[in-house]
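my_file.txt follows; it contains compact mmCIF, C-alpha atoms.
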# COMPACT_ATOMS: atom_id res chain seq x y z
CA MET L 1 2.00 10.05 -42.14
CA SER L 2 5.17 8.38 -43.39
CA GLU L 3 7.14 10.65 -41.07
CA LYS L 4 5.03 9.45 -38.15
CA LEU L 5 5.56 5.84 -39.16
CA ASN L 6 9.30 6.34 -39.44
CA ASN L 7 9.32 8.01 -36.08
CA GLU L 8 7.34 5.12 -34.58
CA ASP L 9 9.62 2.58 -36.33
CA GLN L 10 12.66 4.29 -34.87
CA LYS L 11 11.10 4.36 -31.42
CA SER L 12 10.40 0.63 -31.74
CA LYS L 13 13.97 -0.11 -32.79
CA TYR L 14 15.60 1.80 -29.95
CA HIS L 15 12.98 0.49 -27.54
CA LYS L 16 14.04 -3.07 -28.41
CA ILE L 17 17.73 -2.30 -27.89
CA ARG L 18 17.06 -0.61 -24.53
CA MET L 19 14.83 -3.44 -23.38
CA GLU L 20 17.35 -6.15 -24.36
CA ARG L 21 19.95 -4.42 -22.19
CA LYS L 22 17.46 -3.99 -19.35
CA LYS L 23 16.41 -7.63 -19.53
CA ALA L 24 20.05 -8.76 -19.24
CA GLN L 25 20.48 -6.62 -16.11
CA ILE L 26 17.26 -7.84 -14.54
CA ASP L 27 17.93 -11.49 -15.39
CA ALA L 28 21.33 -11.19 -13.69
CA ALA L 29 19.72 -9.68 -10.60
CA ILE L 30 17.10 -12.46 -10.49
CA ALA L 31 19.79 -15.13 -10.90
CA SER L 32 21.75 -13.74 -7.96
CA ALA L 33 18.66 -13.49 -5.74
CA THR L 34 18.50 -17.06 -4.50
CA GLN L 35 17.84 -16.76 -0.78
CA LYS L 36 14.41 -17.46 0.71
CA LYS L 37 13.45 -16.41 4.22
CA GLY L 38 10.80 -14.64 6.21
CA LEU L 39 11.10 -10.93 5.49
CA LEU L 40 10.48 -7.85 7.59
CA LEU L 41 8.83 -5.08 5.60
CA VAL L 42 8.47 -1.63 7.18
CA ILE L 43 6.07 0.78 5.48
CA THR L 44 6.43 4.22 6.98
CA GLY L 45 6.20 7.93 6.06
CA ASN L 46 3.39 10.47 6.21
CA GLY L 47 1.59 9.54 2.97
CA LYS L 48 -1.62 7.59 2.33
CA GLY L 49 -1.17 3.89 1.60
CA LYS L 50 0.72 2.36 4.53
CA SER L 51 -2.06 0.33 6.16
CA THR L 52 -3.77 -0.43 2.85
CA SER L 53 -0.47 -1.80 1.57
CA GLY L 54 -0.39 -4.12 4.59
CA PHE L 55 -3.96 -5.23 3.82
CA GLY L 56 -2.99 -5.87 0.20
CA MET L 57 -0.26 -8.16 1.49
CA VAL L 58 -2.91 -9.97 3.55
CA ALA L 59 -5.02 -10.56 0.41
CA ARG L 60 -1.98 -11.72 -1.54
CA ALA L 61 -0.91 -14.17 1.19
CA LEU L 62 -4.45 -15.54 1.67
CA GLY L 63 -4.65 -15.99 -2.10
CA HIS L 64 -1.67 -18.34 -1.85
CA GLY L 65 -3.38 -20.29 0.94
CA LEU L 66 -1.11 -18.88 3.66
CA LYS L 67 -2.21 -18.16 7.24
CA VAL L 68 -2.25 -14.52 8.30
CA GLY L 69 -2.46 -12.65 11.59
CA VAL L 70 -3.29 -8.95 11.81
CA CYS L 71 -2.87 -6.76 14.90
CA GLN L 72 -4.30 -3.26 14.54
CA PHE L 73 -2.76 -1.08 17.22
CA ILE L 74 -3.94 2.45 18.06
CA LYS L 75 -7.21 2.19 16.12
CA SER L 76 -10.31 1.31 18.11
CA ARG L 77 -12.97 1.64 15.40
CA THR L 78 -14.39 -1.65 14.25
CA ASP L 79 -16.44 -0.31 11.33
CA THR L 80 -13.60 -0.45 8.83
CA GLY L 81 -14.00 -2.10 5.46
CA GLU L 82 -10.81 -4.08 5.92
CA GLU L 83 -11.95 -5.68 9.16
CA ALA L 84 -15.42 -6.47 7.76
CA PHE L 85 -13.77 -7.99 4.72
CA PHE L 86 -11.05 -10.11 6.30
CA LYS L 87 -12.21 -11.07 9.77
CA THR L 88 -14.49 -13.89 8.66
CA HIS L 89 -11.79 -15.51 6.51
CA PRO L 90 -10.90 -18.90 8.00
CA LYS L 91 -7.13 -18.36 7.56
CA CYS L 92 -7.05 -14.80 8.87
CA GLU L 93 -6.95 -13.87 12.55
CA TRP L 94 -7.81 -10.19 13.04
CA HIS L 95 -7.44 -8.15 16.23
CA VAL L 96 -8.33 -4.51 16.84
CA LEU L 97 -6.15 -3.63 19.82
CA GLY L 98 -6.26 0.14 20.28
CA ASP L 99 -8.23 2.70 22.27
CA GLY L 100 -8.20 5.36 19.59
CA PHE L 101 -5.68 7.95 18.48
CA THR L 102 -3.35 9.40 21.11
CA TRP L 103 -5.05 12.79 20.76
CA ASP L 104 -8.43 11.21 21.48
CA THR L 105 -7.42 9.21 24.56
CA GLN L 106 -5.06 11.90 25.93
CA ASP L 107 -4.12 9.26 28.48
CA ARG L 108 -0.54 8.08 28.36
CA ALA L 109 -0.81 5.55 31.19
CA GLY L 110 -3.97 4.06 29.69
CA ASP L 111 -2.38 3.91 26.23
CA ILE L 112 0.62 2.07 27.68
CA ALA L 113 -1.57 -0.55 29.38
CA THR L 114 -3.56 -1.04 26.16
CA SER L 115 -0.35 -1.34 24.14
CA GLU L 116 1.01 -4.02 26.46
CA ARG L 117 -2.19 -6.07 26.24
CA GLY L 118 -2.05 -5.79 22.44
CA TRP L 119 1.60 -6.68 22.30
CA ALA L 120 0.92 -9.91 24.22
CA ILE L 121 -1.35 -11.02 21.36
CA ALA L 122 1.20 -10.01 18.72
CA THR L 123 3.88 -11.94 20.63
CA GLN L 124 1.84 -15.14 20.44
CA MET L 125 1.67 -14.78 16.65
CA LEU L 126 5.37 -13.97 16.39
CA GLN L 127 6.16 -17.20 18.27
CA ASP L 128 3.78 -19.38 16.27
CA PRO L 129 5.24 -20.82 13.05
CA SER L 130 1.75 -21.60 11.74
CA PHE L 131 1.42 -17.88 10.89
CA ASP L 132 3.04 -17.24 7.50
CA LEU L 133 2.44 -13.48 7.60
CA VAL L 134 1.90 -11.19 10.59
CA VAL L 135 0.82 -7.58 9.97
CA LEU L 136 1.49 -5.18 12.85
CA ASP L 137 -0.56 -2.19 11.73
CA GLU L 138 0.52 1.14 13.26
CA LEU L 139 3.03 -0.52 15.58
CA THR L 140 5.52 2.29 14.88
CA TYR L 141 3.68 4.72 17.20
CA LEU L 142 3.99 2.34 20.15
CA LEU L 143 7.75 2.50 19.70
CA SER L 144 8.13 6.20 18.90
CA TYR L 145 5.90 7.15 21.89
CA GLU L 146 7.78 4.60 24.05
CA TYR L 147 4.55 2.82 24.97
CA LEU L 148 6.37 -0.50 24.58
CA ASP L 149 9.88 -1.49 25.53
CA LYS L 150 11.89 -1.18 22.33
CA ASP L 151 14.27 -4.08 23.06
CA THR L 152 11.41 -6.45 23.84
CA VAL L 153 9.66 -5.63 20.57
CA LEU L 154 12.77 -5.80 18.38
CA ASN L 155 13.90 -9.04 20.02
CA THR L 156 10.55 -10.71 19.56
CA ILE L 157 10.41 -9.71 15.89
CA SER L 158 13.96 -10.84 15.20
CA HIS L 159 13.46 -14.21 16.92
CA ARG L 160 10.26 -15.07 15.03
CA PRO L 161 10.00 -18.32 12.99
CA ASP L 162 12.47 -18.37 10.06
CA MET L 163 9.94 -18.31 7.24
CA GLN L 164 7.43 -15.90 8.81
CA HIS L 165 6.96 -12.58 7.01
CA VAL L 166 6.19 -9.49 9.10
CA VAL L 167 4.81 -6.17 7.89
CA VAL L 168 5.00 -3.15 10.22
CA THR L 169 3.16 0.03 9.24
CA GLY L 170 2.88 3.56 10.64
CA ARG L 171 4.58 6.94 10.55
CA SER L 172 7.99 7.69 12.05
CA ALA L 173 9.45 4.18 12.23
CA ILE L 174 12.39 4.29 14.63
CA ALA L 175 15.89 3.84 13.20
CA GLU L 176 16.48 0.46 14.87
CA LEU L 177 13.39 -0.98 13.18
CA ARG L 178 14.48 0.37 9.78
CA ASP L 179 17.93 -1.11 10.31
CA MET L 180 16.48 -4.53 11.11
CA ALA L 181 14.10 -4.56 8.15
CA ASP L 182 14.76 -6.30 4.82
CA THR L 183 12.64 -3.81 2.92
CA VAL L 184 11.73 -0.26 3.95
CA SER L 185 9.25 1.82 1.98
CA ASP L 186 8.85 5.47 2.89
CA ILE L 187 5.55 6.90 1.64
CA LYS L 188 5.77 10.61 1.04
CA ASP L 189 2.57 12.64 1.09
CA GLU L 190 2.93 14.67 -2.08
CA LYS L 191 -0.70 15.81 -1.90
CA HIS L 192 -3.63 14.76 0.28
CA ALA L 193 -7.38 15.20 -0.39
CA PHE L 194 -8.13 15.73 3.32
CA THR L 195 -6.19 19.00 3.37
CA SER L 196 -8.32 20.26 0.44
CA GLY L 197 -11.52 19.89 2.45
CA ILE L 198 -12.49 16.36 1.39
CA GLN L 199 -14.13 14.19 4.05
CA ALA L 200 -12.86 10.75 4.97
CA GLN L 201 -15.04 8.36 2.96
CA PRO L 202 -15.92 4.69 3.57
CA GLY L 203 -14.15 2.34 1.17
CA PHE L 204 -11.47 4.93 0.51
CA ASP L 205 -10.22 6.08 3.90
CA PHE L 206 -11.46 3.37 6.25
CA MET M 1 11.75 4.15 41.82
CA SER M 2 10.02 7.37 42.90
CA GLU M 3 12.18 9.23 40.38
CA LYS M 4 10.98 6.91 37.62
CA LEU M 5 7.37 7.42 38.71
CA ASN M 6 7.79 11.18 38.76
CA ASN M 7 9.35 11.03 35.35
CA GLU M 8 6.44 8.92 34.04
CA ASP M 9 3.93 11.27 35.77
CA GLN M 10 5.53 14.26 34.13
CA LYS M 11 5.50 12.54 30.74
CA SER M 12 1.81 11.80 31.23
CA LYS M 13 1.04 15.40 32.15
CA TYR M 14 2.81 16.92 29.16
CA HIS M 15 1.46 14.17 26.93
CA LYS M 16 -2.08 15.22 27.88
CA ILE M 17 -1.38 18.90 27.18
CA ARG M 18 0.18 18.10 23.80
CA MET M 19 -2.65 15.78 22.85
CA GLU M 20 -5.35 18.31 23.83
CA ARG M 21 -3.76 20.83 21.50
CA LYS M 22 -3.37 18.22 18.74
CA LYS M 23 -7.01 17.13 19.10
CA ALA M 24 -8.19 20.75 18.71
CA GLN M 25 -6.18 21.07 15.49
CA ILE M 26 -7.41 17.78 14.11
CA ASP M 27 -11.05 18.44 15.07
CA ALA M 28 -10.86 21.76 13.23
CA ALA M 29 -9.44 20.04 10.16
CA ILE M 30 -12.20 17.39 10.27
CA ALA M 31 -14.88 20.08 10.67
CA SER M 32 -13.64 21.94 7.60
CA ALA M 33 -13.43 18.75 5.49
CA THR M 34 -17.06 18.50 4.40
CA GLN M 35 -16.90 17.67 0.71
CA LYS M 36 -17.62 14.18 -0.61
CA LYS M 37 -16.71 13.07 -4.10
CA GLY M 38 -14.99 10.36 -6.03
CA LEU M 39 -11.27 10.73 -5.49
CA LEU M 40 -8.28 10.05 -7.68
CA LEU M 41 -5.39 8.51 -5.76
CA VAL M 42 -2.03 8.12 -7.47
CA ILE M 43 0.49 5.81 -5.79
CA THR M 44 3.85 6.15 -7.45
CA GLY M 45 7.57 5.99 -6.67
CA ASN M 46 10.15 3.21 -6.82
CA GLY M 47 9.39 1.53 -3.46
CA LYS M 48 7.51 -1.66 -2.61
CA GLY M 49 3.83 -1.21 -1.72
CA LYS M 50 2.17 0.52 -4.66
CA SER M 51 0.09 -2.34 -6.08
CA THR M 52 -0.51 -3.90 -2.65
CA SER M 53 -1.84 -0.56 -1.46
CA GLY M 54 -4.30 -0.64 -4.36
CA PHE M 55 -5.32 -4.19 -3.41
CA GLY M 56 -5.82 -3.08 0.20
CA MET M 57 -8.21 -0.41 -1.11
CA VAL M 58 -10.06 -3.17 -2.98
CA ALA M 59 -10.49 -5.14 0.27
CA ARG M 60 -11.61 -2.02 2.15
CA ALA M 61 -14.18 -1.11 -0.52
CA LEU M 62 -15.53 -4.68 -0.79
CA GLY M 63 -15.82 -4.72 3.01
CA HIS M 64 -18.21 -1.77 2.72
CA GLY M 65 -20.24 -3.62 0.09
CA LEU M 66 -18.98 -1.47 -2.78
CA LYS M 67 -18.41 -2.72 -6.34
CA VAL M 68 -14.82 -2.77 -7.56
CA GLY M 69 -13.08 -3.12 -10.90
CA VAL M 70 -9.39 -3.91 -11.26
CA CYS M 71 -7.34 -3.60 -14.46
CA GLN M 72 -3.82 -4.97 -14.19
CA PHE M 73 -1.79 -3.53 -17.02
CA ILE M 74 1.74 -4.71 -17.95
CA LYS M 75 1.58 -7.88 -15.88
CA SER M 76 0.66 -11.08 -17.68
CA ARG M 77 1.14 -13.61 -14.89
CA THR M 78 -2.08 -15.02 -13.52
CA ASP M 79 -0.60 -16.93 -10.59
CA THR M 80 -0.66 -13.98 -8.20
CA GLY M 81 -2.16 -14.27 -4.74
CA GLU M 82 -4.19 -11.11 -5.24
CA GLU M 83 -5.90 -12.40 -8.36
CA ALA M 84 -6.62 -15.81 -6.79
CA PHE M 85 -8.02 -14.06 -3.75
CA PHE M 86 -10.24 -11.42 -5.36
CA LYS M 87 -11.31 -12.75 -8.73
CA THR M 88 -14.05 -15.00 -7.40
CA HIS M 89 -15.62 -12.24 -5.30
CA PRO M 90 -19.10 -11.43 -6.68
CA LYS M 91 -18.57 -7.64 -6.43
CA CYS M 92 -15.08 -7.58 -7.91
CA GLU M 93 -14.29 -7.64 -11.62
CA TRP M 94 -10.63 -8.48 -12.23
CA HIS M 95 -8.74 -8.23 -15.53
CA VAL M 96 -5.12 -9.11 -16.26
CA LEU M 97 -4.39 -7.06 -19.37
CA GLY M 98 -0.64 -7.15 -19.98
CA ASP M 99 1.84 -9.17 -22.00
CA GLY M 100 4.62 -8.97 -19.43
CA PHE M 101 7.23 -6.40 -18.58
CA THR M 102 8.52 -4.17 -21.35
CA TRP M 103 11.95 -5.80 -21.09
CA ASP M 104 10.39 -9.22 -21.59
CA THR M 105 8.23 -8.39 -24.59
CA GLN M 106 10.83 -6.04 -26.19
CA ASP M 107 8.09 -5.25 -28.67
CA ARG M 108 6.86 -1.68 -28.63
CA ALA M 109 4.21 -2.11 -31.35
CA GLY M 110 2.83 -5.21 -29.65
CA ASP M 111 2.81 -3.48 -26.26
CA ILE M 112 0.87 -0.57 -27.75
CA ALA M 113 -1.79 -2.86 -29.24
CA THR M 114 -2.12 -4.72 -25.92
CA SER M 115 -2.37 -1.42 -24.04
CA GLU M 116 -5.14 -0.20 -26.29
CA ARG M 117 -7.14 -3.41 -25.84
CA GLY M 118 -6.73 -3.10 -22.08
CA TRP M 119 -7.64 0.56 -22.05
CA ALA M 120 -10.94 -0.25 -23.80
CA ILE M 121 -11.90 -2.40 -20.79
CA ALA M 122 -10.81 0.28 -18.32
CA THR M 123 -12.84 2.84 -20.25
CA GLN M 124 -16.01 0.78 -19.83
CA MET M 125 -15.48 0.77 -16.06
CA LEU M 126 -14.70 4.50 -16.00
CA GLN M 127 -18.00 5.17 -17.77
CA ASP M 128 -20.08 2.87 -15.58
CA PRO M 129 -21.41 4.44 -12.36
CA SER M 130 -22.08 1.01 -10.86
CA PHE M 131 -18.33 0.76 -10.16
CA ASP M 132 -17.55 2.53 -6.87
CA LEU M 133 -13.81 1.95 -7.12
CA VAL M 134 -11.63 1.30 -10.15
CA VAL M 135 -7.99 0.29 -9.66
CA LEU M 136 -5.73 0.85 -12.67
CA ASP M 137 -2.68 -1.12 -11.60
CA GLU M 138 0.57 -0.05 -13.33
CA LEU M 139 -1.22 2.33 -15.68
CA THR M 140 1.58 4.88 -15.20
CA TYR M 141 3.91 2.98 -17.53
CA LEU M 142 1.40 3.13 -20.39
CA LEU M 143 1.55 6.91 -20.11
CA SER M 144 5.28 7.37 -19.49
CA TYR M 145 6.11 5.03 -22.41
CA GLU M 146 3.45 6.78 -24.54
CA TYR M 147 1.68 3.49 -25.23
CA LEU M 148 -1.64 5.27 -24.79
CA ASP M 149 -2.70 8.74 -25.85
CA LYS M 150 -2.28 10.91 -22.75
CA ASP M 151 -5.23 13.21 -23.47
CA THR M 152 -7.59 10.29 -24.03
CA VAL M 153 -6.62 8.70 -20.72
CA LEU M 154 -6.73 11.90 -18.65
CA ASN M 155 -10.04 12.94 -20.21
CA THR M 156 -11.65 9.59 -19.52
CA ILE M 157 -10.51 9.61 -15.90
CA SER M 158 -11.64 13.18 -15.32
CA HIS M 159 -15.08 12.57 -16.87
CA ARG M 160 -15.81 9.46 -14.80
CA PRO M 161 -18.96 9.24 -12.62
CA ASP M 162 -18.91 11.85 -9.79
CA MET M 163 -18.70 9.44 -6.86
CA GLN M 164 -16.33 6.90 -8.43
CA HIS M 165 -12.93 6.51 -6.76
CA VAL M 166 -9.93 5.67 -8.94
CA VAL M 167 -6.54 4.39 -7.83
CA VAL M 168 -3.63 4.50 -10.28
CA THR M 169 -0.39 2.74 -9.37
CA GLY M 170 3.07 2.45 -10.90
CA ARG M 171 6.44 4.19 -11.05
CA SER M 172 7.07 7.52 -12.72
CA ALA M 173 3.56 8.94 -12.81
CA ILE M 174 3.52 11.79 -15.34
CA ALA M 175 3.10 15.35 -14.04
CA GLU M 176 -0.37 15.83 -15.59
CA LEU M 177 -1.70 12.79 -13.70
CA ARG M 178 -0.21 14.04 -10.41
CA ASP M 179 -1.76 17.46 -11.02
CA MET M 180 -5.18 15.94 -11.62
CA ALA M 181 -5.06 13.68 -8.55
CA ASP M 182 -6.67 14.46 -5.18
CA THR M 183 -4.06 12.45 -3.31
CA VAL M 184 -0.55 11.54 -4.45
CA SER M 185 1.65 9.17 -2.47
CA ASP M 186 5.24 8.75 -3.52
CA ILE M 187 6.77 5.53 -2.20
CA LYS M 188 10.51 5.81 -1.74
CA ASP M 189 12.56 2.63 -1.75
CA GLU M 190 14.72 3.14 1.31
CA LYS M 191 15.89 -0.48 1.22
CA HIS M 192 14.77 -3.53 -0.79
CA ALA M 193 15.29 -7.22 0.02
CA PHE M 194 15.67 -8.12 -3.68
CA THR M 195 18.91 -6.15 -3.94
CA SER M 196 20.31 -8.15 -0.99
CA GLY M 197 19.91 -11.43 -2.86
CA ILE M 198 16.45 -12.39 -1.58
CA GLN M 199 14.18 -14.18 -4.09
CA ALA M 200 10.68 -12.98 -4.90
CA GLN M 201 8.42 -15.10 -2.68
CA PRO M 202 4.74 -16.04 -3.07
CA GLY M 203 2.47 -14.18 -0.65
CA PHE M 204 5.05 -11.45 -0.22
CA ASP M 205 6.04 -10.35 -3.71
CA PHE M 206 3.24 -11.71 -5.89

Encoding of this model in structure tokens:
Amino acid sequence: MSEKLNNEDQKSKYHKIRMERKKAQIDAAIASATQKKGLLLVITGNGKGKSTSGFGMVARALGHGLKVGVCQFIKSRTDTGEEAFFKTHPKCEWHVLGDGFTWDTQDRAGDIATSERGWAIATQMLQDPSFDLVVLDELTYLLSYEYLDKDTVLNTISHRPDMQHVVVTGRSAIAELRDMADTVSDIKDEKHAFTSGIQAQPGFDF
Amino acid sequence: MSEKLNNEDQKSKYHKIRMERKKAQIDAAIASATQKKGLLLVITGNGKGKSTSGFGMVARALGHGLKVGVCQFIKSRTDTGEEAFFKTHPKCEWHVLGDGFTWDTQDRAGDIATSERGWAIATQMLQDPSFDLVVLDELTYLLSYEYLDKDTVLNTISHRPDMQHVVVTGRSAIAELRDMADTVSDIKDEKHAFTSGIQAQPGFDF
């Protein structure tokens, strides 16, 4: 018992020393981070959590009273929990702009036409300073499949209003988009329930 | 011009062949994924998007009419957009259960007591089948710092109601938690705005 206490006392002592040092480092980093601007966040990789992370950003921004626009590319289903939840919010504009996954449509020319129609809506948001956050869900595929002109997309994103945040999600983000981004998160699929025979379930997967 | 068309025609043709093959593979995977159960999703790694991904799951689940519980460990701030947004929702129970970051409290014994009080609330949710989704935000630290007894936590999670989904977020998830999980996403920080001198901003970072 006394040995355990001593052990715990020691842990507490060294914990405090470590944490004092860590706090000094973090305080210095916070002090030097003084710039404010609209940020471009790219969430890519093959793991679960890219789109949901974008939707979490939507909730966070709406919670601060900000105005949000969401463009869902690729997807055509309109029975998702996220759409049901957000689309009636007065400060959230939600668009489902896809025809389904590329392997369902199997129609490159059709996918290109759909992508261009969707991009026109995204462009309006990216030119409208009243939107504080614009989420371009699964945009990466439209670039990696060359459904949209890369220069047009990158130019429009980089010339958006100064304080507008943009979140782009999807696998295989192209290098130019990663380069342009302020923050890039790469979600690695360490393990996935679907490959162990678990069905996609409402509220968890869509 | 005709060369460009031919090129585009060829792309379309091979696109269709590739997508037919891909669809067959994906359809087979969907057909063999027949099991339904409550899943454990662990979102870890040092990149941005772990907590927001959990909050996106909350939105998705609420959109399907499910009941959700959220326990935010570590964090003590109650000015976050996510809390403001979700806490008034009738089907969402939201608890902020921390005293601040370990380097702010610098008090191991106090952090342990706080963790245990918070865990008691999480335990109630994990024993209550009326919760369809429970998000344990930043729980990983309470395990990696040994603030909570590992066996108690893992046992409680594994004995939860059959259809209850659980999302655990935070850096450095311990191996036993990864082993137990159905899905593990590891978010790699490829680039982070904070390290380029950008301030944490409302609606984006909290």

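For Gly45 (chain L), the list of residues within 8 Å, based on all atoms listed in the file and with local chain neighbours fewer than 3 positions off taken out, reads L:Lys50, L:Gly170, L:Arg171, L:Ser172, L:Ala173, L:Ser185, L:Asp186, L:Ile187, L:Lys188, L:Asp189.
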
For the selection just defined, write its residues with C-alpha atoms to a file, as a JSON list (two decimals), in the frame of the given file.
[["chain", "number", "residue", "atom", "x", "y", "z"],
["L", 50, "LYS", "CA", 0.72, 2.36, 4.53],
["L", 170, "GLY", "CA", 2.88, 3.56, 10.64],
["L", 171, "ARG", "CA", 4.58, 6.94, 10.55],
["L", 172, "SER", "CA", 7.99, 7.69, 12.05],
["L", 173, "ALA", "CA", 9.45, 4.18, 12.23],
["L", 185, "SER", "CA", 9.25, 1.82, 1.98],
["L", 186, "ASP", "CA", 8.85, 5.47, 2.89],
["L", 187, "ILE", "CA", 5.55, 6.90, 1.64],
["L", 188, "LYS", "CA", 5.77, 10.61, 1.04],
["L", 189, "ASP", "CA", 2.57, 12.64, 1.09]]

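Put simply, CA of Thr123 (chain L) is 26.5 Å away from CA of Lys11 (chain M).
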
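The interatomic distance for the pair CA of Gly63 (chain L) and CA of Pro90 (chain L) works out to 12.2 Å.
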
Excluding region 78-80 of chain M and its own-chain neighbours fewer than 3 positions away, which residues fall within 7 Å of it when counting all atoms listed in the file? Please give them as a PyMOL selection string. chain M and resi 83-84+206

Output for the residues just chosen: C-alpha atoms as a PDB file, in the coordinates of the input:
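Generated output (selection_38.pdb):
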ATOM      1  CA  GLU M  83      -5.900 -12.400  -8.360  1.00  0.00           C
ATOM      2  CA  ALA M  84      -6.620 -15.810  -6.790  1.00  0.00           C
ATOM      3  CA  PHE M 206       3.240 -11.710  -5.890  1.00  0.00           C
TER       4      PHE M 206
END

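Using all atoms listed in the file, the smallest distance between any of L:Lys37, L:Lys67, L:Arg77, L:Arg60 and chain M comes from L:Arg60.
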
Just need the residues of chain M within 7 Å of chain L, counting all atoms listed in the file, so spit them out as a compact mmCIF listing (two decimals) with C-alpha atoms, in the frame of the given file.
# COMPACT_ATOMS: atom_id res chain seq x y z
CA SER M 12 1.81 11.80 31.23
CA HIS M 15 1.46 14.17 26.93
CA LYS M 16 -2.08 15.22 27.88
CA MET M 19 -2.65 15.78 22.85
CA GLU M 20 -5.35 18.31 23.83
CA LYS M 22 -3.37 18.22 18.74
CA LYS M 23 -7.01 17.13 19.10
CA SER M 32 -13.64 21.94 7.60
CA ALA M 33 -13.43 18.75 5.49
CA THR M 34 -17.06 18.50 4.40
CA GLN M 35 -16.90 17.67 0.71
CA LYS M 36 -17.62 14.18 -0.61
CA GLY M 47 9.39 1.53 -3.46
CA LYS M 48 7.51 -1.66 -2.61
CA GLY M 49 3.83 -1.21 -1.72
CA THR M 52 -0.51 -3.90 -2.65
CA SER M 53 -1.84 -0.56 -1.46
CA PHE M 55 -5.32 -4.19 -3.41
CA GLY M 56 -5.82 -3.08 0.20
CA MET M 57 -8.21 -0.41 -1.11
CA ALA M 59 -10.49 -5.14 0.27
CA ARG M 60 -11.61 -2.02 2.15
CA ALA M 61 -14.18 -1.11 -0.52
CA LEU M 62 -15.53 -4.68 -0.79
CA GLY M 63 -15.82 -4.72 3.01
CA HIS M 64 -18.21 -1.77 2.72
CA GLY M 81 -2.16 -14.27 -4.74
CA GLU M 82 -4.19 -11.11 -5.24
CA ALA M 84 -6.62 -15.81 -6.79
CA PHE M 85 -8.02 -14.06 -3.75
CA THR M 102 8.52 -4.17 -21.35
CA TRP M 103 11.95 -5.80 -21.09
CA ASP M 104 10.39 -9.22 -21.59
CA GLN M 106 10.83 -6.04 -26.19
CA ASP M 107 8.09 -5.25 -28.67
CA ARG M 108 6.86 -1.68 -28.63
CA ALA M 109 4.21 -2.11 -31.35
CA ASP M 182 -6.67 14.46 -5.18
CA THR M 183 -4.06 12.45 -3.31
CA VAL M 184 -0.55 11.54 -4.45
CA SER M 185 1.65 9.17 -2.47
CA ASP M 186 5.24 8.75 -3.52
CA ILE M 187 6.77 5.53 -2.20
CA LYS M 188 10.51 5.81 -1.74
CA ASP M 189 12.56 2.63 -1.75
CA GLU M 190 14.72 3.14 1.31
CA LYS M 191 15.89 -0.48 1.22
CA HIS M 192 14.77 -3.53 -0.79
CA ALA M 193 15.29 -7.22 0.02
CA PHE M 194 15.67 -8.12 -3.68
CA GLY M 197 19.91 -11.43 -2.86
CA ILE M 198 16.45 -12.39 -1.58
CA GLN M 199 14.18 -14.18 -4.09
CA PRO M 202 4.74 -16.04 -3.07
CA GLY M 203 2.47 -14.18 -0.65
CA PHE M 204 5.05 -11.45 -0.22
CA PHE M 206 3.24 -11.71 -5.89

With 5 Å added on each side, what axis-aligned box encloses every listed atom of region 134-148 of chain M? Give the centre and edge lengths in Å to one decimal, as JSON.
{"center_x": -2.8, "center_y": 3.1, "center_z": -17.4, "size_x": 27.7, "size_y": 18.5, "size_z": 25.6}

With a distance cut-off of 6 Å and only C-alpha atoms, select the neighbouring residues of Gly118 (chain L), excluding the residue or stretch itself and same-chain residues fewer than 3 positions from it, and output the selection as a VMD selection string. chain L and resid 97 115 121

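A straight line drawn from CA of Glu93 (chain L) to CA of Trp94 (chain M) is 25.6 Å long.
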
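Closest approach to Glu146 (chain M) among M:Cys71, M:Ala28, M:Met180, M:Ala113: M:Ala113, based on only C-alpha atoms.
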
Of the candidates L:Thr140, L:Leu126, L:Leu177, L:Phe131, which one gets nearest to Thr156 (chain L) if we count all atoms listed in the file? L:Leu126

Contacts of Thr152 (chain L) at 12 Å or less, counting all atoms listed in the file, minus same-chain residues fewer than 3 places along, as a PyMOL selection string? chain L and resi 116+119-120+122-123+143+146-149+155-159

Kindly indicate which residue among M:Asp99, M:Asp27, M:Asp162, M:Glu176 lies nearest to Ser130 (chain M), using all atoms listed in the file for the distances. M:Asp162
